[in-house]
$ cat model.txt   # compact mmCIF, C-alpha atoms
# COMPACT_ATOMS: atom_id res chain seq x y z
CA MET A 234 10.02 -31.39 1.34
CA ILE A 235 11.92 -28.15 1.72
CA THR A 236 12.35 -26.73 5.19
CA MET A 237 12.80 -22.99 5.58
CA LYS A 238 12.18 -20.20 8.03
CA MET A 239 9.43 -17.68 7.49
CA ASN A 240 8.89 -14.86 9.96
CA GLY A 241 10.66 -16.98 12.56
CA LEU A 242 8.42 -19.98 11.99
CA GLU A 243 9.75 -23.21 10.62
CA VAL A 244 7.75 -23.96 7.49
CA ARG A 245 7.79 -26.76 4.97
CA ALA A 246 7.31 -26.22 1.30
CA GLU A 247 6.81 -28.72 -1.45
CA GLU A 248 9.15 -29.04 -4.38
CA GLY A 249 8.35 -26.43 -7.01
CA TRP A 250 6.58 -24.01 -4.67
CA THR A 251 7.51 -20.35 -4.66
CA ILE A 252 7.88 -18.29 -1.49
CA LEU A 253 4.44 -16.85 -2.21
CA ASP A 254 2.86 -20.31 -2.45
CA THR A 255 4.43 -21.27 0.85
CA ALA A 256 3.28 -18.08 2.56
CA LYS A 257 -0.25 -18.61 1.28
CA PHE A 258 -0.25 -22.20 2.52
CA TYR A 259 0.65 -21.01 6.01
CA GLY A 260 -1.81 -18.13 5.89
CA LEU A 261 0.75 -15.34 5.81
CA GLU A 262 -0.59 -12.46 3.80
CA ILE A 263 1.53 -11.07 1.00
CA PRO A 264 -0.13 -8.46 -1.23
CA THR A 265 -0.04 -9.20 -4.96
CA LEU A 266 -1.26 -7.44 -8.03
CA CYS A 267 0.29 -8.98 -11.13
CA HIS A 268 0.04 -12.49 -9.73
CA HIS A 269 -2.87 -14.69 -10.67
CA GLU A 270 -3.46 -18.39 -10.19
CA GLY A 271 -3.56 -19.97 -13.59
CA LEU A 272 -1.12 -17.54 -15.14
CA THR A 273 2.65 -17.81 -15.07
CA PRO A 274 4.35 -15.66 -12.41
CA TYR A 275 5.71 -12.47 -13.88
CA GLY A 276 7.18 -10.38 -11.05
CA ALA A 277 6.18 -7.04 -12.54
CA CYS A 278 4.30 -5.22 -9.79
CA ARG A 279 6.87 -5.85 -7.03
CA LEU A 280 4.15 -5.76 -4.38
CA CYS A 281 4.93 -9.26 -3.21
CA LEU A 282 8.46 -8.28 -2.19
CA VAL A 283 9.88 -10.14 0.80
CA GLU A 284 13.22 -9.98 2.51
CA ILE A 285 15.45 -13.03 2.28
CA GLY A 286 18.64 -13.69 4.18
CA GLU A 287 19.73 -12.09 7.40
CA GLY A 288 21.76 -9.12 8.55
CA PRO A 289 23.39 -6.77 6.06
CA LYS A 290 23.16 -9.37 3.29
CA ALA A 291 19.37 -9.47 3.40
CA LYS A 292 17.85 -8.56 0.08
CA LEU A 293 14.42 -7.93 -1.37
CA VAL A 294 13.07 -10.39 -3.90
CA SER A 295 9.65 -10.86 -5.46
CA SER A 296 8.12 -13.84 -3.71
CA CYS A 297 5.95 -14.84 -6.68
CA THR A 298 8.99 -15.72 -8.77
CA TYR A 299 11.45 -16.89 -6.10
CA PRO A 300 11.43 -20.65 -5.59
CA ALA A 301 11.42 -22.07 -2.09
CA GLU A 302 14.92 -23.13 -1.09
CA GLU A 303 16.24 -25.33 1.66
CA GLY A 304 17.26 -23.28 4.68
CA LEU A 305 16.02 -19.97 3.29
CA VAL A 306 15.23 -17.28 5.85
CA VAL A 307 12.27 -15.17 4.78
CA HIS A 308 10.67 -12.15 6.40
CA THR A 309 7.42 -11.03 4.87
CA ASP A 310 6.73 -7.85 6.81
CA THR A 311 9.86 -6.07 7.92
CA LYS A 312 10.10 -2.31 7.93
CA ARG A 313 12.15 -2.42 4.75
CA VAL A 314 9.59 -4.59 2.97
CA ILE A 315 6.68 -2.38 4.01
CA GLN A 316 8.50 0.75 2.84
CA ALA A 317 9.32 -0.82 -0.51
CA ARG A 318 5.72 -1.91 -0.97
CA ARG A 319 4.42 1.53 -0.12
CA MET A 320 6.79 3.05 -2.63
CA MET A 321 5.56 0.67 -5.30
CA ILE A 322 1.94 1.55 -4.52
CA GLU A 323 2.83 5.22 -4.68
CA LEU A 324 4.50 4.80 -8.06
CA MET A 325 1.55 2.88 -9.42
CA LEU A 326 -0.81 5.55 -8.06
CA SER A 327 1.04 8.17 -10.06
CA VAL A 328 0.55 6.20 -13.26
CA ALA A 329 -3.04 5.05 -12.75
CA PRO A 330 -4.78 7.10 -10.02
CA PHE A 331 -8.21 6.21 -11.41
CA SER A 332 -7.88 2.55 -10.60
CA LYS A 333 -9.99 1.26 -7.75
CA THR A 334 -7.72 -1.72 -7.19
CA ILE A 335 -4.70 0.48 -6.68
CA GLN A 336 -6.59 2.99 -4.52
CA ASP A 337 -7.75 0.10 -2.33
CA LEU A 338 -4.18 -1.12 -1.99
CA ALA A 339 -3.10 2.39 -1.01
CA SER A 340 -5.71 2.50 1.75
CA LYS A 341 -4.90 -0.96 2.96
CA TYR A 342 -1.17 -0.39 3.15
CA GLY A 343 -1.31 3.11 4.53
CA VAL A 344 -0.23 5.17 1.56
CA THR A 345 -1.74 8.55 2.33
CA SER A 346 0.17 10.82 0.00
CA MET A 347 1.56 10.61 -3.50
CA ARG A 348 4.71 12.57 -4.22
CA PHE A 349 5.03 12.01 -7.97
CA LYS A 350 3.59 13.80 -10.94
CA ILE A 351 0.30 12.26 -12.04
CA ARG A 352 0.67 10.66 -15.45
CA ASN A 353 -2.76 9.10 -16.00
CA GLU A 354 -1.56 6.35 -18.27
CA GLU A 355 -4.31 4.05 -17.05
CA CYS A 356 -1.97 1.10 -17.36
CA ILE A 357 0.66 -0.16 -14.96
CA LEU A 358 2.17 -2.63 -17.44
CA CYS A 359 1.57 -5.55 -15.10
CA GLY A 360 1.19 -7.85 -18.09
CA LEU A 361 -1.91 -9.62 -16.71
CA CYS A 362 -3.92 -9.03 -19.89
CA VAL A 363 -1.05 -10.18 -22.11
CA ARG A 364 -0.67 -13.40 -20.15
CA MET A 365 -4.44 -13.90 -19.93
CA CYS A 366 -4.73 -13.54 -23.70
CA ALA A 367 -1.85 -15.88 -24.47
CA GLU A 368 -2.18 -18.51 -21.77
CA GLN A 369 -5.85 -18.85 -20.95
CA MET A 370 -7.56 -17.61 -24.10
CA ASP A 371 -4.91 -18.86 -26.53
CA GLY A 372 -5.32 -15.60 -28.40
CA LYS A 373 -1.96 -13.86 -28.52
CA ALA A 374 -3.67 -10.74 -29.81
CA ILE A 375 -2.05 -8.20 -27.50
CA GLY A 376 1.47 -7.69 -26.26
CA PHE A 377 4.11 -5.22 -25.17
CA GLN A 378 5.46 -2.77 -27.70
CA ASN A 379 8.28 -0.21 -27.72
CA ARG A 380 10.48 0.07 -24.68
CA GLY A 381 11.43 2.23 -21.76
CA TYR A 382 9.01 5.04 -20.99
CA GLN A 383 7.23 4.45 -24.30
CA ARG A 384 6.37 0.85 -23.46
CA LYS A 385 2.73 0.09 -24.01
CA ILE A 386 0.31 -2.74 -24.50
CA SER A 387 -1.40 -2.90 -27.85
CA THR A 388 -2.37 -5.05 -30.80
CA PRO A 389 -0.04 -5.30 -33.82
CA PHE A 390 -0.03 -1.98 -35.72
CA ASP A 391 -2.66 -0.63 -33.28
CA ILE A 392 -5.53 -1.98 -35.34
CA ARG A 393 -7.99 -4.71 -34.47
CA SER A 394 -6.16 -7.98 -34.37
CA GLU A 395 -7.32 -10.96 -36.40
CA GLU A 396 -6.47 -13.15 -33.41
CA CYS A 397 -8.78 -11.20 -31.08
CA ARG A 398 -12.08 -12.94 -30.46
CA LEU A 399 -13.44 -10.13 -28.26
CA CYS A 400 -13.59 -12.53 -25.31
CA GLY A 401 -13.00 -9.69 -22.85
CA GLY A 402 -10.53 -11.70 -20.78
CA CYS A 403 -8.06 -8.83 -20.80
CA ILE A 404 -10.61 -6.37 -19.42
CA TYR A 405 -11.84 -8.88 -16.87
CA ILE A 406 -8.39 -9.30 -15.38
CA CYS A 407 -7.15 -5.69 -15.68
CA PRO A 408 -6.42 -4.13 -12.27
CA ALA A 409 -6.47 -0.61 -13.72
CA CYS A 410 -9.73 -0.75 -15.67
CA GLN A 411 -12.17 -0.55 -12.74
CA LEU A 412 -12.69 3.12 -11.91
CA ARG A 413 -12.28 4.41 -8.39
CA CYS A 414 -15.39 5.28 -6.43
CA GLN A 415 -15.30 9.01 -7.20
CA GLY A 416 -15.01 8.39 -10.91
CA PRO A 417 -12.63 10.02 -13.34
CA GLN A 418 -13.46 13.52 -12.10
CA ALA A 419 -11.64 12.95 -8.81
CA GLU A 420 -9.16 15.71 -8.13
CA THR A 421 -6.98 14.11 -5.50
CA ALA A 422 -4.40 11.52 -6.32
CA VAL A 423 -5.12 9.40 -3.27
CA CYS A 424 -8.61 8.36 -2.25
CA ASN A 425 -8.10 6.81 1.20
CA ALA A 426 -11.86 6.90 1.82
CA CYS A 427 -11.82 3.46 3.35
CA LEU A 428 -8.74 4.09 5.42
CA THR A 429 -10.27 3.40 8.80
CA MET A 430 -7.58 1.49 10.53
CA ASP A 431 -5.18 3.03 12.96
CA PRO A 432 -1.50 3.29 12.11
CA THR A 433 -0.18 -0.21 12.46
CA CYS A 434 2.65 -1.09 14.73
CA LEU A 435 4.68 -2.66 11.96
CA ASP A 436 7.44 -0.15 12.44
CA TYR A 437 8.07 -1.54 15.90
CA TYR A 438 7.07 -5.19 15.62
CA ASP A 439 9.03 -6.54 12.74
CA GLU A 440 7.57 -9.98 12.43
CA LEU A 441 3.96 -9.42 13.37
CA GLN A 442 0.97 -9.58 11.19
CA CYS A 443 -2.19 -8.50 12.91
CA TRP A 444 -5.28 -10.22 11.58
CA MET A 445 -7.59 -7.71 13.27
CA TYR A 446 -5.96 -4.66 11.68
CA ASP A 447 -5.81 -3.59 15.28
CA ALA A 448 -2.17 -4.17 15.77
CA GLY A 449 -0.99 -4.14 19.33
CA ARG A 450 -4.21 -2.98 20.88
CA CYS A 451 -5.78 -6.28 21.78
CA GLY A 452 -2.74 -7.22 23.79
CA THR A 453 -1.97 -10.60 22.29
CA CYS A 454 1.11 -9.30 20.53
CA VAL A 455 2.37 -6.90 23.17
CA ARG A 456 6.08 -6.28 23.01
CA GLU A 457 8.35 -3.51 24.05
CA LYS A 458 8.95 -0.70 21.61
CA LYS A 459 12.48 -0.68 20.28
CA MET B 14 2.04 3.66 -41.81
CA SER B 15 0.07 2.04 -44.57
CA VAL B 16 -0.84 -1.50 -43.67
CA ASN B 17 -2.02 -2.51 -47.13
CA GLN B 18 0.95 -1.30 -49.08
CA THR B 19 1.89 -3.90 -51.66
CA VAL B 20 5.29 -5.40 -51.12
CA ASN B 21 7.07 -7.97 -53.22
CA LEU B 22 6.97 -10.82 -50.75
CA ASP B 23 9.16 -13.22 -52.74
CA LYS B 24 12.18 -11.50 -51.24
CA VAL B 25 10.80 -12.00 -47.73
CA GLN B 26 10.24 -15.67 -48.35
CA GLU B 27 13.72 -15.98 -49.80
CA ILE B 28 15.27 -14.33 -46.76
CA ILE B 29 13.39 -16.61 -44.38
CA GLU B 30 14.47 -19.66 -46.35
CA ARG B 31 18.07 -18.47 -46.31
CA HIS B 32 17.92 -18.56 -42.52
CA GLY B 33 16.52 -22.07 -42.61
CA GLY B 34 13.07 -21.09 -41.36
CA ASN B 35 14.53 -20.97 -37.89
CA LYS B 36 12.49 -19.19 -35.22
CA SER B 37 15.55 -18.18 -33.24
CA LYS B 38 16.94 -16.28 -36.25
CA LEU B 39 14.08 -13.77 -36.10
CA ILE B 40 16.30 -10.75 -35.51
CA SER B 41 18.65 -11.68 -38.37
CA ILE B 42 15.64 -12.10 -40.65
CA LEU B 43 14.26 -8.72 -39.62
CA GLN B 44 17.67 -7.12 -40.22
CA ASP B 45 17.87 -8.58 -43.73
CA ILE B 46 14.35 -7.44 -44.56
CA GLN B 47 15.17 -3.98 -43.25
CA ALA B 48 18.28 -3.94 -45.47
CA VAL B 49 16.15 -4.66 -48.55
CA TYR B 50 13.16 -2.40 -47.93
CA HIS B 51 14.78 0.18 -45.59
CA TYR B 52 11.94 -0.52 -43.18
CA LEU B 53 9.77 -3.41 -42.02
CA PRO B 54 6.59 -3.56 -44.08
CA ALA B 55 3.54 -4.79 -42.17
CA GLU B 56 2.90 -7.41 -44.86
CA ALA B 57 6.42 -8.76 -44.44
CA LEU B 58 5.89 -9.17 -40.67
CA LYS B 59 2.66 -11.05 -41.36
CA THR B 60 4.49 -13.34 -43.76
CA ILE B 61 7.17 -14.08 -41.16
CA SER B 62 4.44 -14.80 -38.64
CA ARG B 63 2.78 -17.25 -41.01
CA LEU B 64 5.92 -19.03 -42.18
CA LEU B 65 7.75 -19.25 -38.85
CA LYS B 66 4.57 -19.81 -36.81
CA ILE B 67 5.40 -16.99 -34.39
CA PRO B 68 2.45 -14.91 -33.14
CA LEU B 69 2.41 -11.59 -35.00
CA ILE B 70 2.42 -9.64 -31.75
CA ASP B 71 5.72 -11.23 -30.70
CA ILE B 72 7.35 -10.11 -33.94
CA VAL B 73 5.94 -6.59 -33.53
CA SER B 74 7.25 -6.56 -29.95
CA VAL B 75 10.75 -7.31 -31.17
CA ALA B 76 10.51 -4.90 -34.10
CA THR B 77 9.37 -2.01 -31.90
CA PHE B 78 11.85 -2.79 -29.11
CA TYR B 79 15.01 -2.15 -31.14
CA ARG B 80 15.78 1.29 -32.50
CA ALA B 81 17.48 -0.29 -35.51
CA PHE B 82 14.10 -1.40 -36.85
CA SER B 83 11.56 0.95 -38.30
CA LEU B 84 7.93 0.18 -39.05
CA LYS B 85 7.56 3.42 -40.99
CA PRO B 86 9.02 3.77 -44.49
CA ARG B 87 12.41 5.46 -44.34
CA GLY B 88 14.21 7.55 -46.91
CA LYS B 89 16.74 6.31 -49.44
CA HIS B 90 19.48 7.89 -47.36
CA VAL B 91 19.52 7.73 -43.58
CA ALA B 92 21.58 10.33 -41.72
CA THR B 93 22.31 9.39 -38.12
CA VAL B 94 23.77 12.02 -35.81
CA CYS B 95 25.56 10.69 -32.73
CA MET B 96 24.31 12.36 -29.56
CA GLY B 97 26.52 10.45 -27.13
CA THR B 98 28.22 12.33 -24.31
CA ALA B 99 31.50 12.94 -26.16
CA CYS B 100 29.80 14.07 -29.36
CA HIS B 101 27.28 16.07 -27.36
CA VAL B 102 29.89 18.22 -25.65
CA ARG B 103 31.58 18.80 -29.00
CA GLY B 104 28.44 20.29 -30.47
CA ALA B 105 26.33 17.39 -31.78
CA PRO B 106 23.03 19.19 -30.96
CA LYS B 107 24.07 22.08 -33.22
CA ILE B 108 24.95 19.65 -36.02
CA LEU B 109 21.61 17.93 -35.64
CA GLU B 110 19.90 21.34 -35.87
CA GLU B 111 21.85 22.09 -39.03
CA PHE B 112 20.71 18.79 -40.57
CA GLU B 113 17.14 19.62 -39.59
CA ARG B 114 17.44 23.02 -41.27
CA GLN B 115 19.06 21.72 -44.43
CA LEU B 116 16.76 18.74 -44.91
CA GLN B 117 13.71 20.58 -43.56
CA ILE B 118 12.67 17.61 -41.46
CA LYS B 119 12.78 17.00 -37.74
CA LYS B 120 14.63 14.22 -35.96
CA GLY B 121 12.96 10.88 -36.61
CA GLU B 122 11.15 12.09 -39.73
CA THR B 123 11.45 11.28 -43.41
CA SER B 124 11.40 13.96 -46.08
CA LYS B 125 8.35 14.12 -48.35
CA ASP B 126 10.28 13.12 -51.48
CA GLY B 127 11.42 9.94 -49.68
CA GLU B 128 15.09 10.82 -50.11
CA TRP B 129 16.21 11.51 -46.55
CA SER B 130 15.58 10.27 -43.05
CA LEU B 131 17.16 11.91 -40.03
CA GLU B 132 17.87 10.06 -36.83
CA SER B 133 19.92 10.38 -33.71
CA VAL B 134 21.72 7.67 -31.79
CA ALA B 135 22.89 7.61 -28.17
CA CYS B 136 26.49 6.52 -28.86
CA LEU B 137 28.31 4.86 -31.73
CA GLY B 138 31.32 3.84 -29.66
CA CYS B 139 33.84 5.83 -31.67
CA CYS B 140 34.00 8.86 -29.38
CA ALA B 141 37.57 9.73 -30.42
CA ILE B 142 36.45 10.87 -33.87
CA GLY B 143 33.41 12.79 -32.61
CA PRO B 144 31.19 14.51 -33.43
CA VAL B 145 30.20 11.63 -35.69
CA VAL B 146 27.55 11.54 -38.39
CA VAL B 147 26.73 8.29 -40.18
CA VAL B 148 25.12 8.46 -43.60
CA ASP B 149 24.18 5.13 -45.20
CA GLY B 150 26.82 3.34 -43.15
CA ASP B 151 29.64 5.80 -43.96
CA TYR B 152 31.21 7.42 -40.92
CA HIS B 153 31.94 11.13 -41.13
CA ALA B 154 34.43 12.06 -38.44
CA HIS B 155 34.99 15.45 -36.78
CA THR B 156 31.92 16.97 -38.37
CA SER B 157 30.98 20.59 -37.88
CA ILE B 158 28.12 22.78 -39.03
CA ARG B 159 30.21 23.94 -41.98
CA LYS B 160 30.80 20.37 -43.19
CA VAL B 161 27.10 19.48 -43.23
CA PRO B 162 26.32 20.81 -46.76
CA ASN B 163 29.32 18.91 -48.16
CA ILE B 164 28.21 15.68 -46.56
CA LEU B 165 24.73 16.08 -47.98
CA LYS B 166 26.05 16.98 -51.43
CA LYS B 167 27.92 13.66 -51.67
CA TYR B 168 24.68 11.71 -51.50
CA ARG B 169 22.53 14.11 -53.47
CA LYS B 170 24.40 13.39 -56.75
$ encode --input "model.txt" --output "structure tokens"
Amino acid sequence: MITMKMNGLEVRAEEGWTILDTAKFYGLEIPTLCHHEGLTPYGACRLCLVEIGEGPKAKLVSSCTYPAEEGLVVHTDTKRVIQARRMMIELMLSVAPFSKTIQDLASKYGVTSMRFKIRNEECILCGLCVRMCAEQMDGKAIGFQNRGYQRKISTPFDIRSEECRLCGGCIYICPACQLRCQGPQAETAVCNACLTMDPTCLDYYDELQCWMYDAGRCGTCVREKK
Amino acid sequence: MSVNQTVNLDKVQEIIERHGGNKSKLISILQDIQAVYHYLPAEALKTISRLLKIPLIDIVSVATFYRAFSLKPRGKHVATVCMGTACHVRGAPKILEEFERQLQIKKGETSKDGEWSLESVACLGCCAIGPVVVVDGDYHAHTSIRKVPNILKKYRK
């Protein structure tokens, strides 16, 4: 058993668990996109960032790849973490604004504007389809090619692969393939149609997670503003 | 890129055997194949995949990741113009333009007669002798626009 601190709580993790596993076990919500049970952790989307350590030495790590350690101090929802997550959502929005999954994440985590140039690449290179193909379907038909800004996912030589059995696993798991509600004709970069919650109090209450999306109002978590 | 181009695969097999059929020698194998054919033929990659039991996509990933490998046929002679910072400030872009004019191809292209390919590289690490142009492994130091025709003449016979 590994004992560590998470949002001020003493938690126990089993050998081989990641920070994300531990947080899930204790019901602490950490958003994920490129993580999927049954596939190896990849750490590509950086949505599951958490802060480890304390004071000026605290750093951001992806919780899906970071193993639970004895005596680790983890904060899952500090101001810094929230800002980093919002930035990641914003960056992903600029690449794939037509994705419903990403638009939903933007609404949920309060991303109301997108400051980057829209690129419409319809792929965020999360690697889910590549891992799905290789690990679950035993296909190994698709993979990453080129590098840097030219990186893309494709079959060898961009023709139909002999290994592909048309199982559709890659499309099933793709977070960018499901179109947003307004369809591809949408003009705005950010949808935010289901953004009904009030601004959360996360900026003031560092270690609170409000299950009602009603942070601070019900009174159970009342604290002084800093 | 023609996928069905016929390639003498005995050489490929020989190269793989020379490296002991070792999966971890993939890059060395690709380099040797590139040295023989001047590019990586699709058929050769498929042969490697079959003999070394590596998924084809993994080989393609490696081959497309490194600039040193080319999946498209390249010319007999490859001219590489260094565009690193030191060469850049000494006029490398102008030299590249001159090569483009003389060979009538753009950067990254191969001439129609299959004689010349033109490429640029970020830095060759020999900034003191810049601007540098490498043709078929020969380094040409302190190049200028005026020296370009002479360099080309050497390889044109």
$ residues_around --input "model.txt" --residues "Gln26 of chain B" --least-positions-apart "3" --cutoff "12 Å" --atoms "only C-alpha atoms" --output "ChimeraX atom specification"
/B:20-23,29-34,42-43,45-46,56-65
$ residues_around --input "model.txt" --residues "Leu109 of chain B" --least-positions-apart "6" --cutoff "9 Å" --atoms "all atoms listed in the file" --output "list in words"
Thr93, Val94, Cys95, Met96, Lys120, Leu131, Glu132, Ser133 and Ile158 of chain B
$ interface_residues --input "model.txt" --of "chain B" --to "chain A" --cutoff "12 Å" --atoms "all atoms listed in the file" --output "PyMOL selection string"
chain B and resi 14-17+53-56+58-59+62+67-80+82-85
$ residues_around --input "model.txt" --residues "Cys403 of chain A" --least-positions-apart "3" --cutoff "12 Å" --atoms "all atoms listed in the file" --output "list in words"
Cys359, Gly360, Leu361, Cys362, Val363, Arg364, Met365, Cys366, Ala367, Glu368, Gln369, Met370, Asp371, Gly372, Lys373, Ala374, Ile375, Gly376, Ile386, Ser387, Cys397, Arg398, Leu399, Cys400, Ile406, Cys407, Pro408, Ala409 and Cys410 of chain A
$ write_last_selection --input "model.txt" --atoms "C-alpha atoms" --output "PDB file, in the frame of the given file"
ATOM      1  CA  CYS A 359       1.570  -5.550 -15.100  1.00  0.00           C
ATOM      2  CA  GLY A 360       1.190  -7.850 -18.090  1.00  0.00           C
ATOM      3  CA  LEU A 361      -1.910  -9.620 -16.710  1.00  0.00           C
ATOM      4  CA  CYS A 362      -3.920  -9.030 -19.890  1.00  0.00           C
ATOM      5  CA  VAL A 363      -1.050 -10.180 -22.110  1.00  0.00           C
ATOM      6  CA  ARG A 364      -0.670 -13.400 -20.150  1.00  0.00           C
ATOM      7  CA  MET A 365      -4.440 -13.900 -19.930  1.00  0.00           C
ATOM      8  CA  CYS A 366      -4.730 -13.540 -23.700  1.00  0.00           C
ATOM      9  CA  ALA A 367      -1.850 -15.880 -24.470  1.00  0.00           C
ATOM     10  CA  GLU A 368      -2.180 -18.510 -21.770  1.00  0.00           C
ATOM     11  CA  GLN A 369      -5.850 -18.850 -20.950  1.00  0.00           C
ATOM     12  CA  MET A 370      -7.560 -17.610 -24.100  1.00  0.00           C
ATOM     13  CA  ASP A 371      -4.910 -18.860 -26.530  1.00  0.00           C
ATOM     14  CA  GLY A 372      -5.320 -15.600 -28.400  1.00  0.00           C
ATOM     15  CA  LYS A 373      -1.960 -13.860 -28.520  1.00  0.00           C
ATOM     16  CA  ALA A 374      -3.670 -10.740 -29.810  1.00  0.00           C
ATOM     17  CA  ILE A 375      -2.050  -8.200 -27.500  1.00  0.00           C
ATOM     18  CA  GLY A 376       1.470  -7.690 -26.260  1.00  0.00           C
ATOM     19  CA  ILE A 386       0.310  -2.740 -24.500  1.00  0.00           C
ATOM     20  CA  SER A 387      -1.400  -2.900 -27.850  1.00  0.00           C
ATOM     21  CA  CYS A 397      -8.780 -11.200 -31.080  1.00  0.00           C
ATOM     22  CA  ARG A 398     -12.080 -12.940 -30.460  1.00  0.00           C
ATOM     23  CA  LEU A 399     -13.440 -10.130 -28.260  1.00  0.00           C
ATOM     24  CA  CYS A 400     -13.590 -12.530 -25.310  1.00  0.00           C
ATOM     25  CA  ILE A 406      -8.390  -9.300 -15.380  1.00  0.00           C
ATOM     26  CA  CYS A 407      -7.150  -5.690 -15.680  1.00  0.00           C
ATOM     27  CA  PRO A 408      -6.420  -4.130 -12.270  1.00  0.00           C
ATOM     28  CA  ALA A 409      -6.470  -0.610 -13.720  1.00  0.00           C
ATOM     29  CA  CYS A 410      -9.730  -0.750 -15.670  1.00  0.00           C
TER      30      CYS A 410
END
$ closest_residue --input "model.txt" --among "B:Cys139, B:Asn35, B:Pro86, B:Asn163" --to "Glu122 of chain B" --atoms "all atoms listed in the file"
B:Pro86
$ residues_around --input "model.txt" --residues "segment 247-262 of chain A" --least-positions-apart "4" --cutoff "10 Å" --atoms "only C-alpha atoms" --output "count of residues only"
28
$ closest_residue --input "model.txt" --among "B:Gly138, B:Pro162, B:Gly88, B:Pro106" --to "Ile118 of chain B" --atoms "all atoms listed in the file"
B:Gly88
$ atom_distance --input "model.txt" --atom1 "atom CA of Ala329 of chain A" --atom2 "atom CA of Asn353 of chain A"
5.2 Å
$ atom_distance --input "model.txt" --atom1 "atom CA of Glu111 of chain B" --atom2 "atom CA of Tyr382 of chain A"
27.9 Å
$ atom_distance --input "model.txt" --atom1 "atom CA of Leu358 of chain A" --atom2 "atom CA of Val328 of chain A"
9.9 Å
$ closest_residue --input "model.txt" --among "A:Ile351, A:Ser340, A:Thr345, A:Ser332" --to "Gln415 of chain A" --atoms "all atoms listed in the file"
A:Ser332
$ residues_near_point --input "model.txt" --point "(29.1, 13.5, -40.2)" --cutoff "10 Å" --atoms "all atoms listed in the file" --output "PyMOL selection string"
chain B and resi 92-95+105+108-109+112+143-148+151-158+160-161+163-165
$ closest_residue --input "model.txt" --among "A:Val306, A:Pro330, A:Ala317, A:Asp337" --to "Gln418 of chain A" --atoms "all atoms listed in the file"
A:Pro330
$ residues_around --input "model.txt" --residues "Thr421 of chain A" --least-positions-apart "4" --cutoff "12 Å" --atoms "only C-alpha atoms" --output "compact mmCIF listing (two decimals) with C-alpha atoms, in the coordinates of the input"
# COMPACT_ATOMS: atom_id res chain seq x y z
CA LEU A 326 -0.81 5.55 -8.06
CA SER A 327 1.04 8.17 -10.06
CA PRO A 330 -4.78 7.10 -10.02
CA PHE A 331 -8.21 6.21 -11.41
CA GLN A 336 -6.59 2.99 -4.52
CA THR A 345 -1.74 8.55 2.33
CA SER A 346 0.17 10.82 0.00
CA MET A 347 1.56 10.61 -3.50
CA ARG A 348 4.71 12.57 -4.22
CA LYS A 350 3.59 13.80 -10.94
CA ILE A 351 0.30 12.26 -12.04
CA ARG A 413 -12.28 4.41 -8.39
CA GLN A 415 -15.30 9.01 -7.20
CA GLY A 416 -15.01 8.39 -10.91
CA PRO A 417 -12.63 10.02 -13.34
CA ASN A 425 -8.10 6.81 1.20
CA ALA A 426 -11.86 6.90 1.82
$ closest_residue --input "model.txt" --among "A:Gly271, A:Ala422, A:Ile404, A:Val244" --to "Arg352 of chain A" --atoms "all atoms listed in the file"
A:Ala422
$ closest_residue --input "model.txt" --among "B:Val91, B:Val49, B:Leu39, B:Cys136" --to "Val25 of chain B" --atoms "only C-alpha atoms"
B:Val49
